[in-house]
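A.B. asks: Dropping the structure in here first, questions after.
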Amino acid sequence: MESNKQKIINILKHFEIEYWTHGNNVSVGSVNVQCPFCSDTSNHCGVFQDTMLFNCWRCSTRGSFEYLLSELTHFSEAECTKIVEDFDSVFRESTINQIRDIFNKEEAIRKCIGVEVVDLPEFFEKITLDIKFPLLFNYLKRRCISLDIVIKARCGICRVGDYANRMIIPIFLGDAVVAYQAADLTGRAEVKYRTGPKDIHINDYLYNYDYISKKMRVVEGILDAWAMGEDTVATFGTHVTERQRQLILNKDLDELIFAWDGGTWFDARRESEFFAPFIETIKIVELPGDRDPDEIGREVVLELEKDI
């Protein structure tokens with residue numbers, strides 16, 4: 001693995017940022033640039049390879065290399081964090097124009113977080129208007145889910161195999177399948193929802209992410225997201241992982257709304273504090289009791305939002 005110093009140099013080269021590795025103002029083990037935080041006419045800003053921190057000897061501004069890179073390139077600090085973390089695998093062959101283009105495409109997002117496209121399970125059968133499977137229709141009726149919703153969500157069923165008598169709900173990122181949930185249709189299985197494939201961490205993703213524009217509502221489960229509509233994602237629990245945080249930040253949102261199940265207000269408050277510096281409007285909807293959006297419905301949740 002290359003040294004931190006060489007990595008710093010390679011990243012600066014890709015962004016066409018002038019740097020110095022020796023001469024005036026350059027310490028042993030540092031790479032210097034012209035400080036973007038002051039009227040520096042020389043190279044007083046040094047990045048230290050041991051710590052990946054920078055310090056300007058002129059204005060005393062200091063911080064992480066990612067923070068400095070954000071100021072030098074005008075990418076967000078979150079985007080620069082991914083550039084530094086994944087530079088070797090994602091950006092080695094890139095030009096500066098390709099790097100700028102990369103954050104405007106879902107394909108690039110998949111690469112930045114190390115996404116692996118997966119196959120749907122064996123015996124997957126896509127749900128269509130003319131499908132014949134009584135277990136499916138009984139399940140949809142019990143849960144008040146329309147056939148149109150599961151068709152639009154590109155769901156399928158498995159009649160046999162490891163996922164027999166389950167509805168397969170694909171999870172997409174950039175229109176590629178990255179994981180899936182398998183919902184028990186019988187009502188008798190010990191595990192209602194199985195996640196696949198086995199080696200995939202479903203909490204690395206957000207269900208319905210591709211449909212989000214400038215507003216995002218966050219709920220726990222996929223059925224909650226179906227109840228709330230296309231401006232809603234599911235986190236698969238009341239914790240936002242680092243990868244989910246990165247996906248949320250990549251959307252450059254104007255508004256973020258937490259509508260997790262009742263009794264999770266403090267969990268939502270914890271997560272909202274992380275996003276507060278980056279998103280203008282953040283709301284937390286407190287649902288009554290232990291109920292969830294799937295139970296109480298979209299209209300009730302929207303009314304609760306208005307009262308915040």
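Just remember, in the structure tokens the first chain shown is A, the second B, etc., residues are 1-based per chain, and ligands are 1-based in the order shown.
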Neighbours of segment 228-230 of chain A within 10 Å (only C-alpha atoms; same-chain residues fewer than 4 positions away dropped), as a list in words?
C.D. replies: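 These residues fall inside the cut-off: Asn208, Tyr209, Asp210, Tyr211, Ile212, Ser213, Met216, Arg217, Val218, Val219, Ile222, Leu223, Asp224, Ala259, Pro293, Asp294, Gly297, Arg298, Glu299, Val301 and Leu302 of chain A.
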A.B. asks: Any idea what's packed within 12 Å of Ser27 of chain A, counting only C-alpha atoms, ignoring anything in its chain fewer than 2 positions away? Could you give it as a list in words?
C.D. replies: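 Skipping anything fewer than 2 positions along the chain leaves Trp20, Thr21, His22, Gly23, Asn24, Asn25, Gly29, Ser30, Val31, Asn32, Asn43, His44, Cys45, Gly46, Val47, Phe48, Gln49, Phe54, Asn55, Cys56 and Trp57 of chain A.
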A.B. asks: Extract, using only C-alpha atoms, all DNA, RNA and protein residues at most 12 Å from segment 143-160 of chain A, discarding same-chain residues fewer than 6 positions from it, and format them as a PDB file with C-alpha atoms, in the first residue's frame.
C.D. replies:
```pdb
ATOM      1  CA  LEU A 120     -32.160 -12.231  -7.146  1.00  0.00           C
ATOM      2  CA  PRO A 121     -32.743 -15.629  -5.522  1.00  0.00           C
ATOM      3  CA  GLU A 122     -33.191 -18.835  -7.458  1.00  0.00           C
ATOM      4  CA  PHE A 123     -36.798 -19.491  -8.547  1.00  0.00           C
ATOM      5  CA  PHE A 124     -37.621 -15.743  -8.453  1.00  0.00           C
ATOM      6  CA  GLU A 125     -40.827 -15.119 -10.402  1.00  0.00           C
ATOM      7  CA  LYS A 126     -41.766 -11.525 -11.152  1.00  0.00           C
ATOM      8  CA  ILE A 127     -45.216 -10.409  -9.983  1.00  0.00           C
ATOM      9  CA  THR A 128     -47.515  -9.378 -12.842  1.00  0.00           C
ATOM     10  CA  LEU A 129     -51.199  -8.521 -13.183  1.00  0.00           C
ATOM     11  CA  ASP A 130     -52.041 -12.060 -14.269  1.00  0.00           C
ATOM     12  CA  ILE A 131     -50.017 -13.952 -11.647  1.00  0.00           C
ATOM     13  CA  LYS A 132     -51.810 -16.807  -9.864  1.00  0.00           C
ATOM     14  CA  PHE A 133     -50.674 -17.338  -6.281  1.00  0.00           C
ATOM     15  CA  PRO A 134     -53.339 -17.294  -3.515  1.00  0.00           C
ATOM     16  CA  LEU A 135     -50.787 -16.871  -0.706  1.00  0.00           C
ATOM     17  CA  LEU A 136     -49.664 -13.587  -2.248  1.00  0.00           C
ATOM     18  CA  PHE A 137     -53.166 -12.173  -2.624  1.00  0.00           C
ATOM     19  CA  ARG A 166     -42.067 -15.522   0.317  1.00  0.00           C
ATOM     20  CA  MET A 167     -42.411 -12.253  -1.568  1.00  0.00           C
ATOM     21  CA  ILE A 168     -39.024 -10.980  -2.731  1.00  0.00           C
ATOM     22  CA  ILE A 169     -38.635  -7.193  -2.469  1.00  0.00           C
ATOM     23  CA  PRO A 170     -35.559  -5.927  -4.387  1.00  0.00           C
ATOM     24  CA  ILE A 171     -33.517  -3.027  -3.042  1.00  0.00           C
ATOM     25  CA  PHE A 172     -32.067  -0.815  -5.755  1.00  0.00           C
ATOM     26  CA  ASP A 175     -31.353   0.959 -10.744  1.00  0.00           C
ATOM     27  CA  ALA A 176     -29.143  -2.013  -9.832  1.00  0.00           C
ATOM     28  CA  VAL A 177     -30.214  -4.682  -7.331  1.00  0.00           C
ATOM     29  CA  TYR A 180     -33.448  -7.876  -1.135  1.00  0.00           C
ATOM     30  CA  GLN A 181     -35.907  -8.714   1.623  1.00  0.00           C
ATOM     31  CA  ALA A 182     -38.031 -11.844   1.563  1.00  0.00           C
ATOM     32  CA  ALA A 183     -41.383 -11.400   3.333  1.00  0.00           C
ATOM     33  CA  ASP A 184     -43.169 -14.474   4.675  1.00  0.00           C
ATOM     34  CA  LEU A 185     -46.561 -14.841   2.989  1.00  0.00           C
ATOM     35  CA  THR A 186     -47.905 -17.603   5.213  1.00  0.00           C
ATOM     36  CA  GLY A 187     -47.968 -15.723   8.536  1.00  0.00           C
ATOM     37  CA  TYR A 207     -34.909   1.413   0.276  1.00  0.00           C
ATOM     38  CA  ASN A 208     -36.463   3.695  -2.384  1.00  0.00           C
ATOM     39  CA  ASP A 210     -33.377   6.378  -6.278  1.00  0.00           C
ATOM     40  CA  TYR A 211     -36.691   8.272  -6.169  1.00  0.00           C
ATOM     41  CA  ILE A 222     -40.287  -1.166   3.453  1.00  0.00           C
ATOM     42  CA  LEU A 223     -44.037  -1.433   4.090  1.00  0.00           C
ATOM     43  CA  ASP A 224     -43.866   1.899   5.916  1.00  0.00           C
ATOM     44  CA  ALA A 225     -42.162   3.397   2.858  1.00  0.00           C
ATOM     45  CA  TRP A 226     -44.891   2.016   0.593  1.00  0.00           C
ATOM     46  CA  ALA A 227     -47.528   3.605   2.804  1.00  0.00           C
ATOM     47  CA  MET A 228     -45.808   7.006   2.758  1.00  0.00           C
ATOM     48  CA  GLY A 229     -44.961   7.354  -0.931  1.00  0.00           C
ATOM     49  CA  GLU A 230     -42.032   8.135  -3.213  1.00  0.00           C
ATOM     50  CA  ASP A 294     -47.981   1.482   7.804  1.00  0.00           C
ATOM     51  CA  GLU A 295     -50.601   1.229  10.566  1.00  0.00           C
ATOM     52  CA  ILE A 296     -51.737   4.827  10.894  1.00  0.00           C
ATOM     53  CA  GLY A 297     -51.434   5.833   7.228  1.00  0.00           C
TER      54      GLY A 297
END
```
A.B. asks: Taking the DSSP secondary structure from the backbone, can you list the residues of segment 203-299 of chain A that are helix (DSSP H, G or I), as JSON, numbers by chain?
C.D. replies: {"A": [203, 204, 209, 210, 211, 222, 223, 224, 225, 226, 227, 228, 242, 243, 244, 245, 246, 247, 248, 249, 250, 265, 266, 267, 268, 269, 270, 271, 272, 273, 274, 275, 293, 294, 295, 296, 298, 299]}
A.B. asks: Enumerate, as a ChimeraX atom specification, the complete set of residues in segment 50-278 of chain A that a backbone-based DSSP assignment places in strand (DSSP E or B).
C.D. replies: /A:53-56,62-64,125-126,156-158,166-173,176-184,193-196,207,215-219,232-234,255-258
A.B. asks: Would you output that residue set with C-alpha atoms, as a compact mmCIF listing (two decimals), in the first residue's frame?
C.D. replies:
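In the end it all went to selection-v5.txt:
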```txt
# COMPACT_ATOMS: atom_id res chain seq x y z
CA LEU A 53 -4.02 16.76 9.21
CA PHE A 54 -3.10 20.19 7.87
CA ASN A 55 -1.91 23.44 9.44
CA CYS A 56 -1.32 26.86 7.92
CA ARG A 62 -5.95 23.56 10.91
CA GLY A 63 -8.02 20.43 10.43
CA SER A 64 -8.35 17.25 8.37
CA GLU A 125 -40.83 -15.12 -10.40
CA LYS A 126 -41.77 -11.53 -11.15
CA GLY A 156 -41.49 -11.26 -7.13
CA ILE A 157 -42.38 -14.51 -5.42
CA CYS A 158 -40.68 -17.83 -4.83
CA ARG A 166 -42.07 -15.52 0.32
CA MET A 167 -42.41 -12.25 -1.57
CA ILE A 168 -39.02 -10.98 -2.73
CA ILE A 169 -38.64 -7.19 -2.47
CA PRO A 170 -35.56 -5.93 -4.39
CA ILE A 171 -33.52 -3.03 -3.04
CA PHE A 172 -32.07 -0.81 -5.76
CA LEU A 173 -29.25 1.70 -5.95
CA ALA A 176 -29.14 -2.01 -9.83
CA VAL A 177 -30.21 -4.68 -7.33
CA VAL A 178 -27.93 -4.48 -4.29
CA ALA A 179 -29.95 -6.56 -1.78
CA TYR A 180 -33.45 -7.88 -1.14
CA GLN A 181 -35.91 -8.71 1.62
CA ALA A 182 -38.03 -11.84 1.56
CA ALA A 183 -41.38 -11.40 3.33
CA ASP A 184 -43.17 -14.47 4.68
CA TYR A 193 -38.41 -11.00 6.91
CA ARG A 194 -35.26 -12.63 5.60
CA THR A 195 -32.44 -10.56 4.09
CA GLY A 196 -30.42 -11.68 1.14
CA TYR A 207 -34.91 1.41 0.28
CA LYS A 215 -36.91 16.04 0.41
CA MET A 216 -36.48 12.74 2.24
CA ARG A 217 -38.75 11.14 4.81
CA VAL A 218 -37.11 8.34 6.83
CA VAL A 219 -39.10 5.35 8.11
CA THR A 232 -39.73 8.17 1.68
CA VAL A 233 -36.83 5.79 2.33
CA ALA A 234 -36.54 2.87 4.75
CA GLU A 255 -35.51 18.75 4.12
CA LEU A 256 -35.07 15.55 6.14
CA ILE A 257 -37.96 14.10 8.18
CA PHE A 258 -37.67 11.20 10.62
```
A.B. asks: My list of candidates is A:Ile17, A:Leu304, A:Ile202, A:Val240. Which is closest to Ser272 of chain A when distances are computed with only C-alpha atoms?
C.D. replies: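 Under the stated criterion, the closest residue is A:Val240.
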A.B. asks: Can you work out the spacing between atom CA of His239 of chain A and atom CA of Ala189 of chain A in Å, to one decimal?
C.D. replies: 25.6 Å
